[in-house]
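Single-structure report; data block below.
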There are 2 protein chains.
Amino acid sequence: MRAAVVSVLTIGDELLSGEVADANLPFIAGELSPLGIRVARHVTVRDDYDEIIPEIRALTASSDLLFITGGLGPTSDDLTCEAVGRATGRELVFHQHLADNLEGFFSGLGRQMSPENLKQAYLPRGSTEIPPTGTAPGFTLEEQGCLVVVLPGVPREVEHMMRSAVMPLLEERFSSGEVYLTRRLMTFGVGESDVAGLLSDCIGAGPVTYGFLVQMGAIVVKLNAAAGDREAASRLLDEEEKEARARLGILVFGADGESMEEVVGRMLRERGLTVAFAESLTAGMAVARMANVPGSSDYLKGGVVAYTAEAKRDLLDVPAGLLAGGAVSTAVAEAMASGVRLRFHSDLGVSTTGVAGPGPGDGDRQPGTVCLALADSEGLKSWEVRLPGDRVLVRHIATLAALNVIRLHLEA
Amino acid sequence: MRAAVVSVLTIGDELLSGEVADANLPFIAGELSPLGIRVARHVTVRDDYDEIIPEIRALTASSDLLFITGGLGPTSDDLTCEAVGRATGRELVFHQHLADNLEGFFSGLGRQMSPENLKQAYLPRGSTEIPPTGTAPGFTLEEQGCLVVVLPGVPREVEHMMRSAVMPLLEERFSSGEVYLTRRLMTFGVGESDVAGLLSDCIGAGPVTYGFLVQMGAIVVKLNAAAGDREAASRLLDEEEKEARARLGILVFGADGESMEEVVGRMLRERGLTVAFAESLTAGMAVARMANVPGSSDYLKGGVVAYTAEAKRDLLDVPAGLLAGGAVSTAVAEAMASGVRLRFHSDLGVSTTGVAGPGPGDGDRQPGTVCLALADSEGLKSWEVRLPGDRVLVRHIATLAALNVIRLHLEA
């Protein structure tokens with residue numbers, strides 16, 4: 001069977017002005033991936049019948065599967081339903097139960113429905129409704145051998161309709177008999193070429209293929225497998241993941257998009273430990289990241305951002321003599337970690353100090369120089385590293401590194 | 001003169017898998033805006049001649065101006081130059097000076113150039129080179145009355161080529177005699193409909209048109225003007241900005257994309273004041289945002305993240321008696337602001353405490369309840385607000401609010 005040709009048509013002026021980014025293409029592409037189906041073409045056009053209608057005709061003629069998103073709202077610039085009708089020669093048909101749903105939606109909000117909203121109770125003749133999660137229904141129809149899937153523009157509604165109604169349909173129709181799965185191993189600590197180097201005897205050696213992605217300091221290793229069913233593909237990935245983890249060791253901090261703060265938070269919770277942060281160049285970013293996780297107050301006591309020598313001395317008890325030699329050193333980092341641990345009565349204290357740039361910092365240390373330390377009841381560990389990139393990237397990677405030292409310490 | 005029809009063709013597998021977002025469309029759309037030119041259509045296709053060539057033919061036939069980005073690199077999946085040649089019936093011609101530039105580029109890095117790289121020394125016959133900023137040259141050519149502008153995929157290179165070579169060409173060719181300018185007023189403190197309501201007597205009253213954009217808690221007011229030249233359009237905007245600011249007053253914190261931390265940082269610097277933050281629900285986000293600005297160490301002393309009652313007492317000197325009544329109150333916020341100011345010897349102390357959710361917090365306060373306070377040498381101010389949205393949005397808006405209270409205090 002030849003591969004299905006898939007196109008995505010996105011409708012909306014705001015997407016062409018560049019002020020709003022389209023979140024639906026990445027989601028749709030990700031959902032199709034296990035079916036082994038890739039999007040061949042993505043077209044974005046304005047809210048204009050003269051643009052939309054010819055595009056629908058061209059894409060239905062050239063595709064096996066066409067997604068259309070956006071323009072299903074009630075306002076005068078929402079043209080999609082009418083445009084699909086005109087492009088495929090179908091009149092729009094009123095559906096009483098959709099009108100009832102709209103009435104119910106507005107009365108539930110205690111608001112009067114405007115007559116304009118009734119537009120959303122019409123669908124092209126012969127189409128199959130996808131029930132609305134808000135006010136806009138989606139729908140599917142067949143045109144010239146192409147399955148046309150029409151969805152709203154709101155990402156939340158697209159996600160719900162895709163999972164509840166569209167994917168079962170596609171699995172039935174477009175399944176090649178193969179299931180394609182991807183697993184992501186999240187690594188931190190070395191660069192892309194080093195990660196690839198460690199995996200050199202795995203890459204190309206078995207049925208699982210490899211890909212790499214750089215994400216703001218983390219290197220993501222993608223394992224791709226195809227098999228007759230989901231279980232078989234999962235098994236291939238399980239085996240390959242074991243091999244890859246054996247080579248990457250401690251560099252792997254999580255799988256499938258887990259964040260460093262989720263992983264570290266879970267480890268702290270499991271061990272019943274608490275942590276506090278003493279931050280200089282990361283200036284609150286480490287503690288803010290940890291606090292991104294709901295429930296983090298169970299293990300996160302807080303932190304001190306000490307941007308000045310005076311604050312390092314007064315709030316973190318770093319000896320003035322140490323600071324006289326400059327604020328960027330492993331000795332200062334150790335004193336900060338120890339100080340914040342004692343001040344917060346936490347099990348662990350973690351610190352960052354360094355030079356984010358631009359321009360050399362404290363005592364002419366080079367931009368990108370970062371010192372980290374971790375204190376616990378048994379003592380101190382510290383590291384000095386040189387990070388690549390500009391101010392934004394250096395502070396970002398240093399923040400990840402501060403969380404990562406907790407992980408390394410607890411896994412050791 | 002009818003408006004120019006502009007299309008953008010983006011080439012690259014990675015953009016269709018959804019793992020990489022395209023940054024070039026927003027940039028190109030923004031650059032075209034002052035010329036009054038909007039992008040009518042954006043098409044993304046895979047690295048595949050069978051996809052690229054017909055698309056180039058269709059878009060040159062239907063457009064006055066076509067941008068093509070991506071696929072100008074040296075590897076085997078960089079097909080754009082060859083595809084443009086084939087689509088327009090032009091052979092590729094070798095350019096010695098481009099080859100010399102490539103040689104120089106690699107020898108400057110102390111590396112041997114591979115023969116594959118010489119691919120980047122060829123351009124379609126009859127095209128006009130846009131000099132490379134890295135290794136890939138861009139080029140323009142005329143085809144069926146359409147100006148085709150071919151650029152690399154790297155955003156930095158696109159920006160440079162657009163500004164140095166492409167925009168002068170477009171200004172000459174596509175200028176309608178009108179210059180279209182947009183100014184953005186950044187507001188914080190009330191919702192979109194309230195901002196629009198305050199401007200109701202301005203909207204539609206003069207030659208300047210209005211638009212609104214919601215950006216994570218900030219409402220952006222867009223003023224759009226057209227005039228015979230840049231100065232006249234600027235004058236229209238200056239006058240309208242004055243009117244709009246008179247109605248919006250203190251709600252406006254900046255213009256044209258200025259961030260809250262830049263504005264607040266500049267005010268602190270001008271007044272020679274320092275600040276420290278005591279954060280509970282924002283957990284370091286306020287101080288981290290302030291520290292985003294290079295040079296912020298001149299006015300930012302640091303902060304304490306006190307996630308626990310114990311930390312609020314021990315590190316911020318909040319009286320235990322106050323905390324017994326719960327951690328989310330204006331009284332606790334005031335004690336935190338006062339405490340952090342004294343601990344850091346800063347001119348100002350700013351605090352946040354509240355319930356980010358999900359689920360009710362401390363003492364059954366509802367999610368979204370946030371208390372803020374500001375301390376200076378003369379005393380204390382505090383606020384209690386109810387913020388909309390989920391955990392992420394509540395913490396984000398509370399962070400902006402913490403910075404905003406400094407601005408309101410200093411502007412008062």
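A note on labels: chains of the structure tokens are A, B, ... as shown, every chain counts residues from 1, and ligands are counted from 1 in their shown order.
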(request) Could you please select, counting only C-alpha atoms, the residues of chain B within 8 Å of chain A and state them as a PyMOL selection string? (result) chain B and resi 16-19+25-27+29-30+38-46+282-285+287-288+291-292+294+297+300-308+311+314-315+343-344+357-358+392
Selection file, N, CA and C atoms, as a tab-separated table (two decimals), in the first residue's frame:
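Result went into out_36.tsv, see below:
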chain	number	residue	atom	x	y	z
B	16	LEU	N	7.26	20.06	9.39
B	16	LEU	CA	5.98	19.36	9.27
B	16	LEU	C	5.78	18.32	10.35
B	17	SER	N	6.86	17.90	11.00
B	17	SER	CA	6.71	16.96	12.10
B	17	SER	C	6.28	17.69	13.36
B	18	GLY	N	6.34	19.03	13.32
B	18	GLY	CA	5.88	19.81	14.46
B	18	GLY	C	6.93	19.95	15.55
B	19	GLU	N	8.14	19.41	15.33
B	19	GLU	CA	9.15	19.49	16.39
B	19	GLU	C	9.92	20.81	16.35
B	25	LEU	N	8.34	33.03	9.04
B	25	LEU	CA	7.09	33.65	8.62
B	25	LEU	C	6.76	34.87	9.47
B	26	PRO	N	6.78	34.77	10.82
B	26	PRO	CA	6.47	35.96	11.61
B	26	PRO	C	7.41	37.13	11.30
B	27	PHE	N	8.70	36.81	11.11
B	27	PHE	CA	9.64	37.89	10.82
B	27	PHE	C	9.33	38.55	9.48
B	29	ALA	N	6.52	38.56	7.78
B	29	ALA	CA	5.23	39.27	7.86
B	29	ALA	C	5.41	40.62	8.54
B	30	GLY	N	6.22	40.65	9.59
B	30	GLY	CA	6.45	41.90	10.32
B	30	GLY	C	7.21	42.92	9.49
B	38	ARG	N	0.46	42.25	3.05
B	38	ARG	CA	0.23	41.13	3.93
B	38	ARG	C	0.50	39.82	3.21
B	39	VAL	N	0.88	38.83	3.97
B	39	VAL	CA	1.09	37.51	3.39
B	39	VAL	C	-0.27	36.87	3.17
B	40	ALA	N	-0.52	36.40	1.95
B	40	ALA	CA	-1.82	35.81	1.64
B	40	ALA	C	-1.84	34.32	1.91
B	41	ARG	N	-0.67	33.69	1.81
B	41	ARG	CA	-0.65	32.23	1.88
B	41	ARG	C	0.72	31.75	2.33
B	42	HIS	N	0.72	30.78	3.22
B	42	HIS	CA	1.98	30.18	3.68
B	42	HIS	C	1.89	28.68	3.45
B	43	VAL	N	2.83	28.15	2.69
B	43	VAL	CA	2.83	26.72	2.39
B	43	VAL	C	4.12	26.11	2.90
B	44	THR	N	4.02	24.98	3.59
B	44	THR	CA	5.20	24.25	4.04
B	44	THR	C	5.19	22.88	3.38
B	45	VAL	N	6.31	22.52	2.76
B	45	VAL	CA	6.41	21.19	2.13
B	45	VAL	C	7.67	20.48	2.58
B	46	ARG	N	7.69	19.19	2.32
B	46	ARG	CA	8.83	18.35	2.69
B	46	ARG	C	10.02	18.56	1.77
B	282	THR	N	4.82	32.99	43.77
B	282	THR	CA	5.57	33.19	42.52
B	282	THR	C	6.96	32.54	42.60
B	283	ALA	N	7.39	32.17	43.80
B	283	ALA	CA	8.53	31.27	44.00
B	283	ALA	C	9.77	31.58	43.16
B	284	GLY	N	10.19	32.83	43.11
B	284	GLY	CA	11.43	33.16	42.40
B	284	GLY	C	11.19	33.71	41.01
B	285	MET	N	9.95	33.64	40.53
B	285	MET	CA	9.68	34.11	39.17
B	285	MET	C	9.83	35.62	39.05
B	287	VAL	N	11.87	37.68	40.83
B	287	VAL	CA	13.28	38.07	40.85
B	287	VAL	C	13.99	37.55	39.60
B	288	ALA	N	13.60	36.37	39.12
B	288	ALA	CA	14.21	35.83	37.90
B	288	ALA	C	13.89	36.72	36.70
B	291	ALA	N	15.96	39.80	36.75
B	291	ALA	CA	17.36	39.49	36.43
B	291	ALA	C	17.54	39.14	34.95
B	292	ASN	N	16.45	39.02	34.18
B	292	ASN	CA	16.58	38.79	32.73
B	292	ASN	C	17.29	39.95	32.04
B	294	PRO	N	20.10	42.48	31.25
B	294	PRO	CA	21.53	42.65	31.51
B	294	PRO	C	21.77	43.92	32.33
B	297	SER	N	21.94	43.75	38.02
B	297	SER	CA	22.57	43.67	39.35
B	297	SER	C	22.80	45.07	39.94
B	300	LEU	N	18.99	45.31	41.45
B	300	LEU	CA	18.33	44.13	42.02
B	300	LEU	C	19.25	43.51	43.07
B	301	LYS	N	18.84	43.54	44.33
B	301	LYS	CA	19.71	42.97	45.37
B	301	LYS	C	19.47	41.48	45.53
B	302	GLY	N	18.26	41.02	45.22
B	302	GLY	CA	17.97	39.60	45.32
B	302	GLY	C	16.63	39.36	45.94
B	303	GLY	N	16.48	38.23	46.63
B	303	GLY	CA	15.19	37.93	47.22
B	303	GLY	C	15.20	36.66	48.02
B	304	VAL	N	14.08	36.45	48.69
B	304	VAL	CA	13.89	35.22	49.44
B	304	VAL	C	12.63	34.54	48.91
B	305	VAL	N	12.75	33.25	48.60
B	305	VAL	CA	11.57	32.47	48.29
B	305	VAL	C	11.21	31.69	49.53
B	306	ALA	N	10.09	32.06	50.13
B	306	ALA	CA	9.68	31.45	51.39
B	306	ALA	C	8.40	30.67	51.15
B	307	TYR	N	8.57	29.37	50.85
B	307	TYR	CA	7.43	28.54	50.50
B	307	TYR	C	6.73	28.04	51.76
B	308	THR	N	7.45	28.03	52.88
B	308	THR	CA	6.88	27.49	54.12
B	308	THR	C	6.68	28.61	55.15
B	311	ALA	N	9.90	29.37	56.91
B	311	ALA	CA	10.82	30.24	56.18
B	311	ALA	C	10.36	31.69	56.23
B	314	ASP	N	11.49	32.68	59.78
B	314	ASP	CA	12.93	32.71	60.06
B	314	ASP	C	13.71	33.64	59.13
B	315	LEU	N	13.31	33.68	57.85
B	315	LEU	CA	14.10	34.46	56.90
B	315	LEU	C	13.52	35.82	56.58
B	343	ARG	N	16.19	42.90	55.52
B	343	ARG	CA	17.24	41.90	55.41
B	343	ARG	C	18.24	42.24	54.31
B	344	PHE	N	17.75	42.79	53.19
B	344	PHE	CA	18.62	43.08	52.04
B	344	PHE	C	19.13	44.53	52.03
B	357	GLY	N	-3.30	27.24	43.03
B	357	GLY	CA	-4.14	26.11	42.66
B	357	GLY	C	-3.30	25.02	42.03
B	358	PRO	N	-3.82	23.91	41.56
B	358	PRO	CA	-5.25	23.59	41.66
B	358	PRO	C	-5.64	23.25	43.09
B	392	VAL	N	-0.56	27.92	36.03
B	392	VAL	CA	0.50	28.57	35.27
B	392	VAL	C	0.19	30.05	35.06
Enumerate, as a PDB file with C-alpha atoms, in the first residue's frame, the complete set of residues in segment 266-340 of chain B that a backbone-based DSSP assignment places in helix (DSSP H, G or I).
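Output contents, as saved in selection02.pdb:
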ATOM      1  CA  ARG B 266      14.919  51.562  33.923  1.00  0.00           C
ATOM      2  CA  MET B 267      12.782  53.399  36.492  1.00  0.00           C
ATOM      3  CA  LEU B 268      14.807  51.967  39.383  1.00  0.00           C
ATOM      4  CA  ARG B 269      18.081  52.846  37.674  1.00  0.00           C
ATOM      5  CA  GLU B 270      16.969  56.421  36.913  1.00  0.00           C
ATOM      6  CA  ARG B 271      15.959  56.944  40.525  1.00  0.00           C
ATOM      7  CA  MET B 285       9.681  34.106  39.167  1.00  0.00           C
ATOM      8  CA  ALA B 286       9.596  37.823  40.001  1.00  0.00           C
ATOM      9  CA  VAL B 287      13.276  38.071  40.853  1.00  0.00           C
ATOM     10  CA  ALA B 288      14.209  35.835  37.896  1.00  0.00           C
ATOM     11  CA  ARG B 289      12.289  38.113  35.540  1.00  0.00           C
ATOM     12  CA  MET B 290      13.995  41.215  36.897  1.00  0.00           C
ATOM     13  CA  SER B 296      20.081  44.343  36.553  1.00  0.00           C
ATOM     14  CA  SER B 297      22.568  43.669  39.350  1.00  0.00           C
ATOM     15  CA  ASP B 298      22.837  47.472  39.656  1.00  0.00           C
ATOM     16  CA  ALA B 309       5.547  29.327  57.188  1.00  0.00           C
ATOM     17  CA  GLU B 310       8.828  28.511  58.927  1.00  0.00           C
ATOM     18  CA  ALA B 311      10.821  30.238  56.179  1.00  0.00           C
ATOM     19  CA  LYS B 312       8.525  33.268  56.273  1.00  0.00           C
ATOM     20  CA  ARG B 313       9.205  33.517  60.009  1.00  0.00           C
ATOM     21  CA  ASP B 314      12.925  32.711  60.056  1.00  0.00           C
ATOM     22  CA  LEU B 315      14.103  34.458  56.901  1.00  0.00           C
ATOM     23  CA  LEU B 316      11.596  37.290  56.566  1.00  0.00           C
ATOM     24  CA  ALA B 320       4.455  33.747  64.070  1.00  0.00           C
ATOM     25  CA  GLY B 321       1.167  35.140  65.405  1.00  0.00           C
ATOM     26  CA  LEU B 322       0.305  36.550  61.964  1.00  0.00           C
ATOM     27  CA  LEU B 323       1.129  33.266  60.254  1.00  0.00           C
ATOM     28  CA  ALA B 324      -1.138  31.359  62.634  1.00  0.00           C
ATOM     29  CA  THR B 330      -2.327  41.385  53.042  1.00  0.00           C
ATOM     30  CA  ALA B 331      -0.946  41.510  56.587  1.00  0.00           C
ATOM     31  CA  VAL B 332       1.438  38.617  55.861  1.00  0.00           C
ATOM     32  CA  ALA B 333       2.342  40.173  52.492  1.00  0.00           C
ATOM     33  CA  GLU B 334       3.184  43.453  54.249  1.00  0.00           C
ATOM     34  CA  ALA B 335       5.348  41.703  56.825  1.00  0.00           C
ATOM     35  CA  MET B 336       7.167  39.818  54.046  1.00  0.00           C
ATOM     36  CA  ALA B 337       7.831  42.997  52.036  1.00  0.00           C
ATOM     37  CA  SER B 338       9.043  44.821  55.113  1.00  0.00           C
ATOM     38  CA  GLY B 339      11.164  41.879  56.215  1.00  0.00           C
ATOM     39  CA  VAL B 340      12.931  41.379  52.889  1.00  0.00           C
TER      40      VAL B 340
END
(message) Report as number ranges by chain all protein, DNA and RNA residues lying within 12 Å of Ala401 of chain A, evaluated on only C-alpha atoms, omitting residues in the same chain fewer than 2 positions from it.
(response) A: 187-190, 216-218, 251, 253, 260-261, 264, 282, 285-286, 289, 350-353, 370-374, 382-387, 393-399, 403-408
(message) What's the separation between atom CA of Leu72 of chain B and atom CA of Gly153 of chain B, in Å to one decimal place?
(response) 7.4 Å
Considering only C-alpha atoms, return as a PDB file with C-alpha atoms, in the first residue's frame whatever protein or nucleic-acid residues lie within 8 Å of Gly138 of chain A, sequence-local ones (same chain, fewer than 3 positions apart) excluded.
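Everything below was put into out-v3.pdb:
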ATOM      1  CA  GLU A 129     -20.748  15.490  12.878  1.00  0.00           C
ATOM      2  CA  ILE A 130     -18.010  15.470  15.501  1.00  0.00           C
ATOM      3  CA  PRO A 131     -19.842  16.601  18.660  1.00  0.00           C
ATOM      4  CA  PRO A 132     -18.797  20.055  19.918  1.00  0.00           C
ATOM      5  CA  VAL A 149     -11.658  16.312   8.672  1.00  0.00           C
ATOM      6  CA  VAL A 150     -12.835  19.783   9.699  1.00  0.00           C
ATOM      7  CA  LEU A 151     -11.955  20.965  13.214  1.00  0.00           C
ATOM      8  CA  PRO A 152     -12.192  24.233  15.173  1.00  0.00           C
ATOM      9  CA  MET A 161     -12.026  15.804  18.906  1.00  0.00           C
TER      10      MET A 161
END
Just want the 12 Å neighbourhood of Thr209 of chain B, counted on only C-alpha atoms, with same-chain residues fewer than 6 positions away dropped. Output as a short mmCIF file (atom, residue, chain, number, x, y, z; two decimals) with C-alpha atoms, in the first residue's frame.
data_model
loop_
_atom_site.label_atom_id
_atom_site.label_comp_id
_atom_site.auth_asym_id
_atom_site.auth_seq_id
_atom_site.Cartn_x
_atom_site.Cartn_y
_atom_site.Cartn_z
CA TYR B 180 1.89 51.57 7.13
CA LEU B 181 3.14 51.69 10.71
CA THR B 182 1.99 49.96 13.85
CA ARG B 183 2.66 51.00 17.42
CA ARG B 184 1.98 48.76 20.40
CA LEU B 199 -10.75 53.63 24.23
CA SER B 200 -14.31 53.53 22.86
CA CYS B 202 -11.01 56.85 20.05
CA ILE B 203 -11.80 53.68 18.11
CA VAL B 221 -3.22 47.84 22.11
CA LYS B 222 -2.15 48.09 18.47
CA LEU B 223 -2.39 51.45 16.71
CA ASN B 224 -2.19 51.23 12.91
CA ALA B 225 -1.62 54.25 10.67
CA ALA B 226 -1.07 54.78 6.95
CA LEU B 236 -0.37 60.23 13.25
CA LEU B 237 0.72 57.55 15.70
CA GLU B 240 -3.11 58.92 18.63
CA GLU B 241 -0.75 57.49 21.25
CA ALA B 244 -4.87 56.62 23.98
#
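Closest approach to Asp364 of chain A from the set A:Val328, A:Arg90, A:Asp347, A:Ser377 is made by A:Val328, with distances taken over only C-alpha atoms.
Secondary structure from DSSP on the backbone puts strand (DSSP E or B) at the following positions of segment 124-195 of chain A: A:Pro124, A:Thr128, A:Glu129, A:Ile130, A:Gly138, A:Phe139, A:Thr140, A:Leu141, A:Glu142, A:Glu143, A:Cys146, A:Leu147, A:Val148, A:Val149, A:Val150, A:Leu151, A:Val179, A:Tyr180, A:Leu181, A:Thr182, A:Arg183, A:Arg184, A:Leu185, A:Met186, A:Thr187, A:Phe188.
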Now that the selection is made, can you save its residues with N, CA and C atoms as a PDB file, in the first residue's frame?
ATOM      1  N   PRO A 124     -22.427  20.885   6.309  1.00  0.00           N
ATOM      2  CA  PRO A 124     -22.628  20.512   4.906  1.00  0.00           C
ATOM      3  C   PRO A 124     -23.376  19.179   4.804  1.00  0.00           C
ATOM      4  N   THR A 128     -20.471  13.990   8.497  1.00  0.00           N
ATOM      5  CA  THR A 128     -20.677  13.317   9.780  1.00  0.00           C
ATOM      6  C   THR A 128     -20.191  14.251  10.882  1.00  0.00           C
ATOM      7  N   GLU A 129     -21.073  14.550  11.807  1.00  0.00           N
ATOM      8  CA  GLU A 129     -20.748  15.490  12.878  1.00  0.00           C
ATOM      9  C   GLU A 129     -19.727  14.922  13.857  1.00  0.00           C
ATOM     10  N   ILE A 130     -18.821  15.773  14.311  1.00  0.00           N
ATOM     11  CA  ILE A 130     -18.010  15.470  15.501  1.00  0.00           C
ATOM     12  C   ILE A 130     -18.558  16.374  16.601  1.00  0.00           C
ATOM     13  N   GLY A 138     -17.260  19.823  14.968  1.00  0.00           N
ATOM     14  CA  GLY A 138     -16.406  19.501  13.830  1.00  0.00           C
ATOM     15  C   GLY A 138     -17.185  18.581  12.907  1.00  0.00           C
ATOM     16  N   PHE A 139     -16.599  18.199  11.788  1.00  0.00           N
ATOM     17  CA  PHE A 139     -17.274  17.223  10.924  1.00  0.00           C
ATOM     18  C   PHE A 139     -16.281  16.582   9.965  1.00  0.00           C
ATOM     19  N   THR A 140     -16.694  15.440   9.432  1.00  0.00           N
ATOM     20  CA  THR A 140     -15.882  14.779   8.406  1.00  0.00           C
ATOM     21  C   THR A 140     -16.768  14.571   7.190  1.00  0.00           C
ATOM     22  N   LEU A 141     -16.139  14.527   6.037  1.00  0.00           N
ATOM     23  CA  LEU A 141     -16.876  14.150   4.833  1.00  0.00           C
ATOM     24  C   LEU A 141     -15.920  13.548   3.813  1.00  0.00           C
ATOM     25  N   GLU A 142     -16.496  12.874   2.811  1.00  0.00           N
ATOM     26  CA  GLU A 142     -15.699  12.242   1.767  1.00  0.00           C
ATOM     27  C   GLU A 142     -15.808  13.083   0.512  1.00  0.00           C
ATOM     28  N   GLU A 143     -14.697  13.372  -0.125  1.00  0.00           N
ATOM     29  CA  GLU A 143     -14.732  14.138  -1.364  1.00  0.00           C
ATOM     30  C   GLU A 143     -13.632  13.628  -2.288  1.00  0.00           C
ATOM     31  N   CYS A 146     -10.985  11.574  -0.904  1.00  0.00           N
ATOM     32  CA  CYS A 146     -10.211  12.191   0.194  1.00  0.00           C
ATOM     33  C   CYS A 146     -11.111  12.281   1.423  1.00  0.00           C
ATOM     34  N   LEU A 147     -10.603  11.868   2.572  1.00  0.00           N
ATOM     35  CA  LEU A 147     -11.335  12.064   3.816  1.00  0.00           C
ATOM     36  C   LEU A 147     -11.002  13.459   4.336  1.00  0.00           C
ATOM     37  N   VAL A 148     -12.013  14.306   4.449  1.00  0.00           N
ATOM     38  CA  VAL A 148     -11.817  15.682   4.916  1.00  0.00           C
ATOM     39  C   VAL A 148     -12.262  15.763   6.373  1.00  0.00           C
ATOM     40  N   VAL A 149     -11.359  16.191   7.245  1.00  0.00           N
ATOM     41  CA  VAL A 149     -11.658  16.312   8.672  1.00  0.00           C
ATOM     42  C   VAL A 149     -11.615  17.799   9.018  1.00  0.00           C
ATOM     43  N   VAL A 150     -12.750  18.348   9.437  1.00  0.00           N
ATOM     44  CA  VAL A 150     -12.835  19.783   9.699  1.00  0.00           C
ATOM     45  C   VAL A 150     -12.964  20.008  11.204  1.00  0.00           C
ATOM     46  N   LEU A 151     -12.035  20.777  11.759  1.00  0.00           N
ATOM     47  CA  LEU A 151     -11.955  20.965  13.214  1.00  0.00           C
ATOM     48  C   LEU A 151     -11.906  22.459  13.535  1.00  0.00           C
ATOM     49  N   VAL A 179       2.413  -0.408  13.298  1.00  0.00           N
ATOM     50  CA  VAL A 179       2.277   0.670  14.276  1.00  0.00           C
ATOM     51  C   VAL A 179       3.651   1.283  14.481  1.00  0.00           C
ATOM     52  N   TYR A 180       3.718   2.609  14.406  1.00  0.00           N
ATOM     53  CA  TYR A 180       4.995   3.322  14.527  1.00  0.00           C
ATOM     54  C   TYR A 180       5.015   4.043  15.865  1.00  0.00           C
ATOM     55  N   LEU A 181       5.954   3.729  16.713  1.00  0.00           N
ATOM     56  CA  LEU A 181       6.029   4.401  18.009  1.00  0.00           C
ATOM     57  C   LEU A 181       7.379   5.081  18.178  1.00  0.00           C
ATOM     58  N   THR A 182       7.366   6.164  18.932  1.00  0.00           N
ATOM     59  CA  THR A 182       8.595   6.891  19.236  1.00  0.00           C
ATOM     60  C   THR A 182       8.733   7.004  20.744  1.00  0.00           C
ATOM     61  N   ARG A 183       9.921   6.786  21.237  1.00  0.00           N
ATOM     62  CA  ARG A 183      10.177   7.038  22.653  1.00  0.00           C
ATOM     63  C   ARG A 183      11.314   8.043  22.754  1.00  0.00           C
ATOM     64  N   ARG A 184      11.201   8.957  23.700  1.00  0.00           N
ATOM     65  CA  ARG A 184      12.222   9.992  23.852  1.00  0.00           C
ATOM     66  C   ARG A 184      12.965   9.793  25.159  1.00  0.00           C
ATOM     67  N   LEU A 185      14.287   9.716  25.090  1.00  0.00           N
ATOM     68  CA  LEU A 185      15.093   9.706  26.306  1.00  0.00           C
ATOM     69  C   LEU A 185      15.692  11.092  26.466  1.00  0.00           C
ATOM     70  N   MET A 186      15.435  11.703  27.609  1.00  0.00           N
ATOM     71  CA  MET A 186      15.899  13.061  27.865  1.00  0.00           C
ATOM     72  C   MET A 186      17.259  12.978  28.548  1.00  0.00           C
ATOM     73  N   THR A 187      18.280  13.618  27.947  1.00  0.00           N
ATOM     74  CA  THR A 187      19.604  13.574  28.562  1.00  0.00           C
ATOM     75  C   THR A 187      20.083  14.978  28.879  1.00  0.00           C
ATOM     76  N   PHE A 188      20.954  15.064  29.861  1.00  0.00           N
ATOM     77  CA  PHE A 188      21.551  16.352  30.214  1.00  0.00           C
ATOM     78  C   PHE A 188      22.983  16.126  30.658  1.00  0.00           C
TER      79      PHE A 188
END
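Pairwise distance (atom CA of Tyr210 of chain B, atom CA of Gly197 of chain B) equals 12.2 Å.
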